[in-house]
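So this one's final-v1.tsv, TSV, C-alpha atoms and all ligand atoms:
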chain	number	residue	atom	x	y	z
A	1	MET	CA	-63.01	28.77	48.77
A	2	TYR	CA	-61.61	28.58	52.29
A	3	THR	CA	-62.96	28.69	55.82
A	4	SER	CA	-62.45	31.82	57.90
A	5	LEU	CA	-63.65	33.61	60.98
A	6	LEU	CA	-65.13	36.97	60.04
A	7	ILE	CA	-66.05	39.91	62.28
A	8	GLU	CA	-68.72	42.27	60.96
A	9	LYS	CA	-70.24	45.41	62.40
A	10	ASP	CA	-73.22	47.07	60.79
A	11	ASP	CA	-76.84	48.03	61.47
A	12	ASN	CA	-77.44	44.46	62.68
A	13	GLY	CA	-74.76	44.85	65.37
A	14	TYR	CA	-71.34	43.30	66.07
A	15	ARG	CA	-70.95	39.62	65.23
A	16	THR	CA	-68.32	36.99	64.52
A	17	THR	CA	-69.14	34.00	62.32
A	18	LEU	CA	-67.37	31.05	60.74
A	19	CYS	CA	-67.88	31.38	57.01
A	20	GLU	CA	-66.65	30.37	53.57
A	21	ARG	CA	-64.70	33.03	51.68
A	22	GLN	CA	-62.91	33.36	48.35
A	23	GLU	CA	-59.23	34.22	47.96
A	24	GLN	CA	-60.14	37.32	45.94
A	25	ASP	CA	-61.72	38.72	49.15
A	26	LEU	CA	-58.13	39.16	50.39
A	27	THR	CA	-57.19	42.42	48.74
A	28	GLU	CA	-54.10	43.39	50.78
A	29	GLY	CA	-50.56	42.03	50.93
A	30	ASP	CA	-48.00	40.47	48.60
A	31	VAL	CA	-47.57	37.01	50.15
A	32	THR	CA	-50.29	34.34	50.34
A	33	VAL	CA	-49.95	31.80	53.16
A	34	ALA	CA	-51.81	28.52	53.70
A	35	VAL	CA	-52.35	28.87	57.44
A	36	ASP	CA	-51.67	25.71	59.46
A	37	TYR	CA	-52.03	27.07	62.99
A	38	SER	CA	-53.21	30.26	64.65
A	39	SER	CA	-53.98	30.79	68.33
A	40	LEU	CA	-56.44	32.48	70.65
A	41	ASN	CA	-54.85	35.41	72.48
A	42	TYR	CA	-56.48	37.82	74.93
A	43	LYS	CA	-56.63	40.40	72.13
A	44	ASP	CA	-58.31	37.90	69.76
A	45	ALA	CA	-60.93	37.11	72.41
A	46	LEU	CA	-61.63	40.85	72.82
A	47	ALA	CA	-61.97	41.19	69.03
A	48	ILE	CA	-64.17	38.10	68.56
A	49	THR	CA	-66.57	38.99	71.37
A	50	GLY	CA	-66.48	42.75	70.77
A	51	LYS	CA	-65.61	43.23	74.47
A	52	GLY	CA	-62.73	45.56	73.53
A	53	PRO	CA	-62.10	48.02	70.70
A	54	ILE	CA	-59.47	45.89	68.92
A	55	VAL	CA	-60.81	45.83	65.38
A	56	ARG	CA	-60.17	49.07	63.46
A	57	LYS	CA	-61.73	48.06	60.14
A	58	PHE	CA	-64.75	45.90	59.19
A	59	PRO	CA	-65.20	43.23	58.00
A	60	MET	CA	-62.10	41.79	59.70
A	61	VAL	CA	-60.55	38.35	59.94
A	62	PRO	CA	-59.29	38.03	63.56
A	63	GLY	CA	-56.08	36.27	64.58
A	64	ILE	CA	-52.98	38.21	65.63
A	65	ASP	CA	-50.59	35.33	64.94
A	66	PHE	CA	-50.21	32.30	62.67
A	67	THR	CA	-47.80	29.81	61.13
A	68	GLY	CA	-48.10	28.34	57.67
A	69	THR	CA	-46.60	27.75	54.24
A	70	VAL	CA	-46.21	30.36	51.52
A	71	THR	CA	-48.28	29.41	48.45
A	72	ALA	CA	-47.66	32.53	46.32
A	73	SER	CA	-45.35	35.52	46.69
A	74	ALA	CA	-44.62	38.79	44.91
A	75	HIS	CA	-42.13	39.69	47.70
A	76	PRO	CA	-38.40	39.13	47.03
A	77	ALA	CA	-37.75	37.48	50.42
A	78	TRP	CA	-40.34	34.70	50.04
A	79	LYS	CA	-41.19	31.87	47.67
A	80	ALA	CA	-43.80	29.10	47.57
A	81	GLY	CA	-42.99	26.38	50.09
A	82	ASP	CA	-41.35	28.64	52.71
A	83	SER	CA	-42.45	28.00	56.31
A	84	VAL	CA	-43.28	31.24	58.09
A	85	VAL	CA	-44.57	32.76	61.30
A	86	LEU	CA	-46.32	36.10	61.75
A	87	THR	CA	-47.11	37.93	64.98
A	88	GLY	CA	-48.30	41.49	65.46
A	89	TRP	CA	-48.06	44.38	62.95
A	90	GLY	CA	-51.78	45.05	63.46
A	91	VAL	CA	-52.77	41.79	61.77
A	92	GLY	CA	-56.21	40.73	63.06
A	93	GLU	CA	-56.83	44.38	64.03
A	94	LYS	CA	-56.20	46.58	60.99
A	95	HIS	CA	-55.22	43.88	58.48
A	96	PRO	CA	-56.88	40.45	57.92
A	97	GLY	CA	-55.46	37.91	60.38
A	98	GLY	CA	-54.71	34.25	60.89
A	99	LEU	CA	-57.95	32.67	62.14
A	100	ALA	CA	-58.61	31.40	58.62
A	101	GLN	CA	-57.25	28.77	56.26
A	102	VAL	CA	-55.63	31.42	54.03
A	103	ALA	CA	-53.96	34.75	54.85
A	104	ARG	CA	-52.45	37.34	52.55
A	105	VAL	CA	-49.99	39.69	54.24
A	106	ASN	CA	-47.13	42.11	53.70
A	107	GLY	CA	-43.98	40.01	53.23
A	108	ASP	CA	-41.98	42.44	55.41
A	109	TRP	CA	-43.92	41.15	58.43
A	110	LEU	CA	-43.04	37.47	58.04
A	111	VAL	CA	-40.29	35.63	59.92
A	112	PRO	CA	-38.93	32.22	58.85
A	113	LEU	CA	-39.85	29.46	61.29
A	114	PRO	CA	-37.01	29.26	63.83
A	115	ALA	CA	-34.46	26.50	63.03
A	116	GLY	CA	-35.60	23.11	64.28
A	117	ALA	CA	-39.14	24.20	65.24
A	118	SER	CA	-42.47	23.02	63.79
A	119	GLY	CA	-45.45	25.25	62.98
A	120	TRP	CA	-47.38	23.74	65.91
A	121	GLN	CA	-44.52	24.39	68.37
A	122	VAL	CA	-44.22	27.98	67.21
A	123	MET	CA	-47.96	28.63	67.60
A	124	ALA	CA	-47.98	26.84	70.95
A	125	ILE	CA	-45.51	29.59	71.89
A	126	GLY	CA	-47.25	32.27	69.80
A	127	THR	CA	-47.51	35.95	70.65
A	128	ALA	CA	-47.81	35.05	74.35
A	129	GLY	CA	-44.52	33.13	74.48
A	130	LEU	CA	-42.73	35.69	72.33
A	131	THR	CA	-43.94	38.46	74.66
A	132	ALA	CA	-42.82	36.51	77.74
A	133	MET	CA	-39.38	36.11	76.13
A	134	LEU	CA	-39.24	39.86	75.42
A	135	CYS	CA	-40.13	40.52	79.08
A	136	VAL	CA	-37.27	38.29	80.27
A	137	ASP	CA	-34.96	40.04	77.77
A	138	ALA	CA	-36.07	43.40	79.25
A	139	LEU	CA	-35.22	42.28	82.80
A	140	GLU	CA	-31.80	41.05	81.68
A	141	ARG	CA	-31.07	44.21	79.67
A	142	ASN	CA	-31.65	46.12	82.90
A	143	GLY	CA	-29.20	44.04	84.89
A	144	ILE	CA	-31.38	41.30	86.44
A	145	THR	CA	-29.75	37.84	86.73
A	146	PRO	CA	-30.78	34.68	88.62
A	147	GLN	CA	-28.53	35.89	91.46
A	148	SER	CA	-30.61	39.08	91.85
A	149	GLY	CA	-33.34	37.22	93.76
A	150	THR	CA	-36.96	36.16	93.31
A	151	VAL	CA	-38.94	37.27	90.26
A	152	LEU	CA	-42.73	37.68	90.55
A	153	VAL	CA	-44.95	36.83	87.56
A	154	THR	CA	-48.54	38.16	87.63
A	155	GLY	CA	-51.43	36.62	85.67
A	156	ALA	CA	-49.36	33.46	85.90
A	157	SER	CA	-52.01	31.02	84.65
A	158	GLY	CA	-52.57	33.05	81.49
A	159	GLY	CA	-50.77	32.73	78.16
A	160	VAL	CA	-47.97	35.26	78.73
A	161	GLY	CA	-47.72	34.55	82.47
A	162	SER	CA	-47.33	30.79	82.16
A	163	PHE	CA	-44.57	31.20	79.56
A	164	ALA	CA	-42.84	33.76	81.73
A	165	VAL	CA	-42.82	31.28	84.65
A	166	ALA	CA	-41.45	28.49	82.43
A	167	LEU	CA	-38.78	30.65	80.75
A	168	LEU	CA	-37.52	32.21	83.98
A	169	SER	CA	-37.35	28.80	85.64
A	170	ARG	CA	-35.40	27.31	82.72
A	171	LEU	CA	-32.95	30.19	82.94
A	172	GLY	CA	-32.32	29.45	86.63
A	173	TYR	CA	-34.47	32.13	88.28
A	174	ASP	CA	-36.43	31.63	91.48
A	175	VAL	CA	-40.04	32.40	90.46
A	176	THR	CA	-43.14	33.31	92.46
A	177	ALA	CA	-46.40	33.03	90.49
A	178	SER	CA	-49.40	35.21	91.30
A	179	THR	CA	-52.76	33.78	90.23
A	180	GLY	CA	-56.48	34.01	90.91
A	181	ARG	CA	-56.73	30.31	90.13
A	182	THR	CA	-55.13	28.80	93.20
A	183	ALA	CA	-56.28	25.36	92.01
A	184	GLU	CA	-53.58	25.75	89.33
A	185	GLN	CA	-50.82	25.73	91.96
A	186	PRO	CA	-49.60	22.18	91.07
A	187	TRP	CA	-49.44	23.08	87.35
A	188	LEU	CA	-47.57	26.33	88.04
A	189	THR	CA	-45.15	24.40	90.23
A	190	THR	CA	-44.58	21.92	87.39
A	191	LEU	CA	-43.78	24.86	85.12
A	192	GLY	CA	-41.12	25.98	87.58
A	193	ALA	CA	-42.71	28.32	90.15
A	194	THR	CA	-41.19	27.80	93.59
A	195	ALA	CA	-44.05	29.68	95.29
A	196	VAL	CA	-47.61	30.61	94.31
A	197	ILE	CA	-49.53	33.55	95.82
A	198	ASP	CA	-53.20	34.54	95.55
A	199	ARG	CA	-53.56	37.53	93.23
A	200	ASN	CA	-55.91	39.22	95.75
A	201	GLU	CA	-52.79	39.89	97.84
A	202	ILE	CA	-51.49	42.29	95.20
A	203	SER	CA	-54.48	43.47	93.17
A	204	GLN	CA	-56.08	45.92	95.64
A	205	PRO	CA	-55.15	49.61	96.04
A	206	GLY	CA	-51.90	49.76	98.07
A	207	LYS	CA	-49.35	52.16	99.57
A	208	PRO	CA	-46.96	54.00	97.22
A	209	LEU	CA	-43.97	52.26	98.87
A	210	GLN	CA	-44.24	48.81	100.41
A	211	LYS	CA	-41.94	46.16	101.88
A	212	GLU	CA	-39.30	45.16	99.30
A	213	ARG	CA	-40.22	41.65	98.13
A	214	TRP	CA	-39.04	41.02	94.58
A	215	ALA	CA	-35.85	41.47	92.58
A	216	ALA	CA	-38.00	41.94	89.49
A	217	VAL	CA	-41.57	41.53	88.25
A	218	ILE	CA	-43.12	40.48	84.95
A	219	ASP	CA	-46.60	42.02	85.01
A	220	THR	CA	-49.30	40.97	82.56
A	221	VAL	CA	-52.27	42.61	84.32
A	222	GLY	CA	-51.62	46.35	84.86
A	223	SER	CA	-53.77	48.55	87.14
A	224	HIS	CA	-53.31	48.22	90.95
A	225	THR	CA	-51.26	45.03	90.46
A	226	LEU	CA	-48.67	46.93	88.44
A	227	ALA	CA	-48.69	49.80	90.94
A	228	ASN	CA	-48.14	47.34	93.81
A	229	ALA	CA	-45.40	45.59	91.82
A	230	CYS	CA	-43.51	48.88	91.48
A	231	ALA	CA	-44.09	49.65	95.17
A	232	SER	CA	-42.73	46.29	96.38
A	233	VAL	CA	-39.82	45.60	94.03
A	234	ASN	CA	-36.36	45.84	95.66
A	235	TYR	CA	-34.13	48.89	95.48
A	236	GLY	CA	-32.80	49.03	91.88
A	237	GLY	CA	-35.30	46.41	90.76
A	238	VAL	CA	-37.02	46.12	87.39
A	239	VAL	CA	-40.69	45.72	86.45
A	240	ALA	CA	-41.46	44.59	82.90
A	241	ALA	CA	-45.03	45.67	82.03
A	242	CYS	CA	-46.71	44.06	79.05
A	243	GLY	CA	-50.41	43.63	79.82
A	244	MET	CA	-53.67	45.04	81.11
A	245	ALA	CA	-55.89	42.07	82.06
A	246	GLN	CA	-56.89	43.88	85.29
A	247	GLY	CA	-57.02	47.32	83.69
A	248	MET	CA	-55.34	49.97	81.53
A	249	ASP	CA	-54.92	52.31	84.49
A	250	PHE	CA	-51.68	52.71	86.44
A	251	PRO	CA	-52.59	54.20	89.83
A	252	SER	CA	-49.02	54.68	91.05
A	253	THR	CA	-46.79	57.51	92.28
A	254	VAL	CA	-43.23	58.42	91.34
A	255	ALA	CA	-42.01	57.18	94.76
A	256	PRO	CA	-40.62	53.78	93.63
A	257	PHE	CA	-38.74	55.43	90.76
A	258	ILE	CA	-37.22	58.37	92.60
A	259	LEU	CA	-36.69	56.75	96.03
A	260	ARG	CA	-35.74	53.19	95.05
A	261	GLY	CA	-34.33	53.63	91.54
A	262	VAL	CA	-36.90	51.18	90.18
A	263	THR	CA	-37.00	50.72	86.40
A	264	LEU	CA	-40.35	50.27	84.65
A	265	ALA	CA	-39.66	48.59	81.31
A	266	GLY	CA	-42.47	48.60	78.76
A	267	VAL	CA	-42.68	45.58	76.48
A	268	ASP	CA	-44.37	45.56	73.08
A	269	SER	CA	-44.40	42.56	70.76
A	270	VAL	CA	-46.45	44.12	67.95
A	271	MET	CA	-44.05	46.57	66.31
A	272	ILE	CA	-40.61	45.37	67.50
A	273	PRO	CA	-38.00	45.44	64.74
A	274	LEU	CA	-37.43	42.28	62.69
A	275	ALA	CA	-33.91	41.55	64.01
A	276	GLN	CA	-35.01	41.64	67.67
A	277	ARG	CA	-38.07	39.58	66.77
A	278	GLN	CA	-36.01	36.87	65.02
A	279	GLN	CA	-33.55	36.72	67.92
A	280	ALA	CA	-36.36	36.36	70.48
A	281	TRP	CA	-38.06	33.65	68.39
A	282	GLN	CA	-34.87	31.61	68.19
A	283	ARG	CA	-34.18	31.99	71.92
A	284	VAL	CA	-37.70	31.07	73.01
A	285	THR	CA	-37.88	27.98	70.76
A	286	ASP	CA	-34.43	26.85	71.96
A	287	LEU	CA	-35.53	27.17	75.61
A	288	LEU	CA	-38.91	25.42	75.37
A	289	ASP	CA	-39.02	21.74	74.46
A	290	THR	CA	-42.00	19.94	72.93
A	291	PRO	CA	-43.10	18.06	76.11
A	292	LEU	CA	-43.22	21.37	77.98
A	293	LEU	CA	-45.19	22.99	75.17
A	294	ALA	CA	-47.60	20.05	75.19
A	295	SER	CA	-48.27	20.80	78.88
A	296	LEU	CA	-48.79	24.50	78.14
A	297	ALA	CA	-50.97	24.34	75.05
A	298	THR	CA	-54.20	22.65	73.95
A	299	THR	CA	-55.13	22.35	70.28
A	300	TYR	CA	-58.68	23.10	69.07
A	301	PRO	CA	-60.31	23.15	65.61
A	302	LEU	CA	-61.01	26.52	63.95
A	303	ALA	CA	-64.75	25.90	64.41
A	304	ASP	CA	-64.37	26.00	68.23
A	305	THR	CA	-62.72	29.43	68.35
A	306	ILE	CA	-65.82	31.60	68.89
A	307	ALA	CA	-66.95	29.55	71.91
A	308	LEU	CA	-63.37	29.54	73.25
A	309	ALA	CA	-63.27	33.35	73.31
A	310	ASP	CA	-65.97	33.40	76.02
A	311	LYS	CA	-64.18	30.63	77.95
A	312	LEU	CA	-61.00	32.71	77.99
A	313	PHE	CA	-62.78	35.53	79.81
A	314	ALA	CA	-64.37	33.05	82.20
A	315	GLY	CA	-60.86	31.89	83.19
A	316	GLU	CA	-61.59	28.43	81.78
A	317	ILE	CA	-58.58	28.21	79.46
A	318	ARG	CA	-55.27	27.26	81.02
A	319	GLY	CA	-52.14	28.27	79.12
A	320	ARG	CA	-52.36	28.55	75.35
A	321	ALA	CA	-55.17	27.68	72.94
A	322	VAL	CA	-53.63	26.65	69.61
A	323	ILE	CA	-56.10	26.70	66.70
A	324	ARG	CA	-55.70	24.13	63.91
A	325	CYS	CA	-56.84	25.92	60.76
A	326	ARG	CA	-56.68	23.07	58.21
B	401	LIG	P1	-54.73	35.58	79.27
B	401	LIG	O1	-56.18	35.90	79.31
B	401	LIG	O2	-54.29	34.24	78.82
B	401	LIG	O3	-54.08	35.84	80.71
B	401	LIG	C1	-54.35	36.94	81.48
B	401	LIG	C2	-54.28	36.53	82.94
B	401	LIG	O4	-54.41	37.68	83.75
B	401	LIG	C3	-55.42	35.62	83.37
B	401	LIG	O5	-55.16	34.28	83.06
B	401	LIG	C4	-55.46	35.87	84.85
B	401	LIG	O6	-54.42	35.12	85.44
B	401	LIG	C5	-55.05	37.34	84.97
B	401	LIG	N1	-56.23	38.20	85.13
B	401	LIG	C6	-57.34	38.25	84.38
B	401	LIG	N2	-58.21	39.16	84.83
B	401	LIG	C7	-57.63	39.71	85.93
B	401	LIG	C8	-58.05	40.70	86.88
B	401	LIG	N3	-59.23	41.32	86.78
B	401	LIG	N4	-57.21	41.01	87.88
B	401	LIG	C9	-56.01	40.40	88.00
B	401	LIG	N5	-55.56	39.44	87.14
B	401	LIG	C10	-56.37	39.10	86.14
B	401	LIG	O7	-54.05	36.73	78.38
B	401	LIG	P2	-52.57	36.76	77.73
B	401	LIG	O8	-51.64	36.06	78.63
B	401	LIG	O9	-52.67	36.39	76.31
B	401	LIG	O10	-52.29	38.32	77.79
B	401	LIG	C11	-52.07	38.96	79.05
B	401	LIG	C12	-52.02	40.45	78.85
B	401	LIG	O11	-50.89	40.78	78.08
B	401	LIG	C13	-53.23	41.02	78.12
B	401	LIG	O12	-53.58	42.25	78.67
B	401	LIG	C14	-52.74	41.19	76.70
B	401	LIG	O13	-53.43	42.18	76.01
B	401	LIG	C15	-51.29	41.56	76.96
B	401	LIG	N6	-50.40	41.25	75.86
B	401	LIG	C16	-49.51	42.21	75.49
B	401	LIG	C17	-48.61	41.99	74.49
B	401	LIG	C18	-47.62	43.05	74.17
B	401	LIG	O14	-47.05	43.02	73.08
B	401	LIG	N7	-47.38	43.98	75.07
B	401	LIG	C19	-48.62	40.74	73.72
B	401	LIG	C20	-49.52	39.74	74.26
B	401	LIG	C21	-50.39	40.02	75.28
B	401	LIG	P3	-54.66	34.22	86.74
B	401	LIG	O15	-55.90	33.42	86.46
B	401	LIG	O16	-53.43	33.41	86.87
B	401	LIG	O17	-54.87	35.21	87.87

Using structure tokens, write down the structure that the file contains.
Amino acid sequence: MYTSLLIEKDDNGYRTTLCERQEQDLTEGDVTVAVDYSSLNYKDALAITGKGPIVRKFPMVPGIDFTGTVTASAHPAWKAGDSVVLTGWGVGEKHPGGLAQVARVNGDWLVPLPAGASGWQVMAIGTAGLTAMLCVDALERNGITPQSGTVLVTGASGGVGSFAVALLSRLGYDVTASTGRTAEQPWLTTLGATAVIDRNEISQPGKPLQKERWAAVIDTVGSHTLANACASVNYGGVVAACGMAQGMDFPSTVAPFILRGVTLAGVDSVMIPLAQRQQAWQRVTDLLDTPLLASLATTYPLADTIALADKLFAGEIRGRAVIRCR
């Protein structure tokens, strides 16, 4: 028996409970992992509360990322005792996820823990940190360097945003953080933001072309914020779009793209190929030291996860929530 979160949807409605399950309930996958840590991402909170259509199959174990130790494997790449990390691939959405003490998954989806990193460190980074790293990679691939000028990060107090601020700062970029939580200004400054702006400045409907303000933008919120980011990035600038905390919509025009040569770079962490994934994991763990991660992440027991999902939407969780599963 092991403890697991379980989402069910039936005639009695949509509900998430903490329950005891048996390993034979895990019918998919060829590698069994004793899960040490998972985390609470925006997507997990949507799944747990039912606020967003994340779960495609019921019952479902939520948890889009985890670290742990292989206990049994029928996959040639893995053996008992291997330390692994999994993010994405629809785990916690279409396939049972990591908010449990045991997970069984497809061995093709696992990545070895990056050299020199612990399971806690890697989950403190988690999908959010990996995505922030992929956003920075996207800016660089499109020619942005610290010499290009200031980079704006939106949703800066959130999981992806706070990592984006920290990573850019460590790489020598000048960073402006946009947040609705202005009380977090000192924390964002500690992470490396040189300026903090109120998100209301950039979250309302705006003109198709605005004053050029940023060399590049990492946007985690979408909607009008993303449209304004495209409208106010410098000539030849780059906007990396990875999130939709404000909304899925993109009320923009083609003006920034055809008149200023702006590049809109989409970033996905779920299905990226293994080689790119491994490279990003190594880079992000090399850049972020344990004291910094300790300031970015708080650890909670598995039993607290359901209550935490509501707190995430209430803006009461700063940075990352790491979940200790055993
Ligand atoms: P968090 O909830 O931790 O952070 C989101 C942040 O967005 C909040 O902290 C808040 O920042 C800001 N925000 C929330 N609501 C609004 C609003 N109505 N208007 C403007 N800003 C708002 O989520 P994550 O960091 O985990 O994820 C951020 C986004 O990125 C999500 O949409 C998520 O689905 C997406 N994502 C995408 C991935 C990919 O592969 N593309 C991977 C991981 C996440 P503040 O308080 O500072 O204003």

Within 7 Å of ligand LIG 401 (chain B), counting all atoms listed in the file, which protein or nucleic acid residues do you find, written as a PDB file with C-alpha atoms, in the frame of the given file?
ATOM      1  CA  ASN A  41     -54.850  35.410  72.480  1.00  0.00           C
ATOM      2  CA  TYR A  42     -56.480  37.820  74.930  1.00  0.00           C
ATOM      3  CA  LYS A  43     -56.630  40.400  72.130  1.00  0.00           C
ATOM      4  CA  THR A 127     -47.510  35.950  70.650  1.00  0.00           C
ATOM      5  CA  ALA A 128     -47.810  35.050  74.350  1.00  0.00           C
ATOM      6  CA  THR A 131     -43.940  38.460  74.660  1.00  0.00           C
ATOM      7  CA  THR A 154     -48.540  38.160  87.630  1.00  0.00           C
ATOM      8  CA  GLY A 155     -51.430  36.620  85.670  1.00  0.00           C
ATOM      9  CA  ALA A 156     -49.360  33.460  85.900  1.00  0.00           C
ATOM     10  CA  SER A 157     -52.010  31.020  84.650  1.00  0.00           C
ATOM     11  CA  GLY A 158     -52.570  33.050  81.490  1.00  0.00           C
ATOM     12  CA  GLY A 159     -50.770  32.730  78.160  1.00  0.00           C
ATOM     13  CA  VAL A 160     -47.970  35.260  78.730  1.00  0.00           C
ATOM     14  CA  GLY A 161     -47.720  34.550  82.470  1.00  0.00           C
ATOM     15  CA  SER A 178     -49.400  35.210  91.300  1.00  0.00           C
ATOM     16  CA  THR A 179     -52.760  33.780  90.230  1.00  0.00           C
ATOM     17  CA  GLY A 180     -56.480  34.010  90.910  1.00  0.00           C
ATOM     18  CA  ARG A 181     -56.730  30.310  90.130  1.00  0.00           C
ATOM     19  CA  ARG A 199     -53.560  37.530  93.230  1.00  0.00           C
ATOM     20  CA  SER A 203     -54.480  43.470  93.170  1.00  0.00           C
ATOM     21  CA  THR A 220     -49.300  40.970  82.560  1.00  0.00           C
ATOM     22  CA  VAL A 221     -52.270  42.610  84.320  1.00  0.00           C
ATOM     23  CA  CYS A 242     -46.710  44.060  79.050  1.00  0.00           C
ATOM     24  CA  GLY A 243     -50.410  43.630  79.820  1.00  0.00           C
ATOM     25  CA  MET A 244     -53.670  45.040  81.110  1.00  0.00           C
ATOM     26  CA  ALA A 245     -55.890  42.070  82.060  1.00  0.00           C
ATOM     27  CA  GLN A 246     -56.890  43.880  85.290  1.00  0.00           C
ATOM     28  CA  VAL A 267     -42.680  45.580  76.480  1.00  0.00           C
ATOM     29  CA  ASP A 268     -44.370  45.560  73.080  1.00  0.00           C
ATOM     30  CA  SER A 269     -44.400  42.560  70.760  1.00  0.00           C
ATOM     31  CA  VAL A 270     -46.450  44.120  67.950  1.00  0.00           C
ATOM     32  CA  LEU A 312     -61.000  32.710  77.990  1.00  0.00           C
ATOM     33  CA  PHE A 313     -62.780  35.530  79.810  1.00  0.00           C
ATOM     34  CA  GLY A 315     -60.860  31.890  83.190  1.00  0.00           C
ATOM     35  CA  GLY A 319     -52.140  28.270  79.120  1.00  0.00           C
ATOM     36  CA  ARG A 320     -52.360  28.550  75.350  1.00  0.00           C
TER      37      ARG A 320
END

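Closest to Ala45 (chain A) among A:Pro301, A:Gly92, A:Gly29, A:Gly81 is A:Gly92, based on all atoms listed in the file.
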
Would you pick out the contacts of Gln121 (chain A) at 9 Å or less, using only C-alpha atoms, so that residues sharing its chain but fewer than 5 positions from it are not included, and give the list as a ChimeraX atom specification? /A:126,285,289-290,293-294

Which residues come within 12 Å of Leu99 (chain A), counting all atoms listed in the file, excluding same-chain residues fewer than 6 positions away, as a PyMOL selection string? chain A and resi 2-7+16-19+34-41+44-45+47-48+60-68+91-93+300-306+322-326

Write to file, as a PDB file, keeping the file's coordinate frame, the residues of the selection just made, with C-alpha atoms.
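See out_22.pdb below for the written result:
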ATOM      1  CA  TYR A   2     -61.610  28.580  52.290  1.00  0.00           C
ATOM      2  CA  THR A   3     -62.960  28.690  55.820  1.00  0.00           C
ATOM      3  CA  SER A   4     -62.450  31.820  57.900  1.00  0.00           C
ATOM      4  CA  LEU A   5     -63.650  33.610  60.980  1.00  0.00           C
ATOM      5  CA  LEU A   6     -65.130  36.970  60.040  1.00  0.00           C
ATOM      6  CA  ILE A   7     -66.050  39.910  62.280  1.00  0.00           C
ATOM      7  CA  THR A  16     -68.320  36.990  64.520  1.00  0.00           C
ATOM      8  CA  THR A  17     -69.140  34.000  62.320  1.00  0.00           C
ATOM      9  CA  LEU A  18     -67.370  31.050  60.740  1.00  0.00           C
ATOM     10  CA  CYS A  19     -67.880  31.380  57.010  1.00  0.00           C
ATOM     11  CA  ALA A  34     -51.810  28.520  53.700  1.00  0.00           C
ATOM     12  CA  VAL A  35     -52.350  28.870  57.440  1.00  0.00           C
ATOM     13  CA  ASP A  36     -51.670  25.710  59.460  1.00  0.00           C
ATOM     14  CA  TYR A  37     -52.030  27.070  62.990  1.00  0.00           C
ATOM     15  CA  SER A  38     -53.210  30.260  64.650  1.00  0.00           C
ATOM     16  CA  SER A  39     -53.980  30.790  68.330  1.00  0.00           C
ATOM     17  CA  LEU A  40     -56.440  32.480  70.650  1.00  0.00           C
ATOM     18  CA  ASN A  41     -54.850  35.410  72.480  1.00  0.00           C
ATOM     19  CA  ASP A  44     -58.310  37.900  69.760  1.00  0.00           C
ATOM     20  CA  ALA A  45     -60.930  37.110  72.410  1.00  0.00           C
ATOM     21  CA  ALA A  47     -61.970  41.190  69.030  1.00  0.00           C
ATOM     22  CA  ILE A  48     -64.170  38.100  68.560  1.00  0.00           C
ATOM     23  CA  MET A  60     -62.100  41.790  59.700  1.00  0.00           C
ATOM     24  CA  VAL A  61     -60.550  38.350  59.940  1.00  0.00           C
ATOM     25  CA  PRO A  62     -59.290  38.030  63.560  1.00  0.00           C
ATOM     26  CA  GLY A  63     -56.080  36.270  64.580  1.00  0.00           C
ATOM     27  CA  ILE A  64     -52.980  38.210  65.630  1.00  0.00           C
ATOM     28  CA  ASP A  65     -50.590  35.330  64.940  1.00  0.00           C
ATOM     29  CA  PHE A  66     -50.210  32.300  62.670  1.00  0.00           C
ATOM     30  CA  THR A  67     -47.800  29.810  61.130  1.00  0.00           C
ATOM     31  CA  GLY A  68     -48.100  28.340  57.670  1.00  0.00           C
ATOM     32  CA  VAL A  91     -52.770  41.790  61.770  1.00  0.00           C
ATOM     33  CA  GLY A  92     -56.210  40.730  63.060  1.00  0.00           C
ATOM     34  CA  GLU A  93     -56.830  44.380  64.030  1.00  0.00           C
ATOM     35  CA  TYR A 300     -58.680  23.100  69.070  1.00  0.00           C
ATOM     36  CA  PRO A 301     -60.310  23.150  65.610  1.00  0.00           C
ATOM     37  CA  LEU A 302     -61.010  26.520  63.950  1.00  0.00           C
ATOM     38  CA  ALA A 303     -64.750  25.900  64.410  1.00  0.00           C
ATOM     39  CA  ASP A 304     -64.370  26.000  68.230  1.00  0.00           C
ATOM     40  CA  THR A 305     -62.720  29.430  68.350  1.00  0.00           C
ATOM     41  CA  ILE A 306     -65.820  31.600  68.890  1.00  0.00           C
ATOM     42  CA  VAL A 322     -53.630  26.650  69.610  1.00  0.00           C
ATOM     43  CA  ILE A 323     -56.100  26.700  66.700  1.00  0.00           C
ATOM     44  CA  ARG A 324     -55.700  24.130  63.910  1.00  0.00           C
ATOM     45  CA  CYS A 325     -56.840  25.920  60.760  1.00  0.00           C
ATOM     46  CA  ARG A 326     -56.680  23.070  58.210  1.00  0.00           C
TER      47      ARG A 326
END

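A straight line drawn from CA of Trp78 (chain A) to CA of Gln276 (chain A) is 19.7 Å long.
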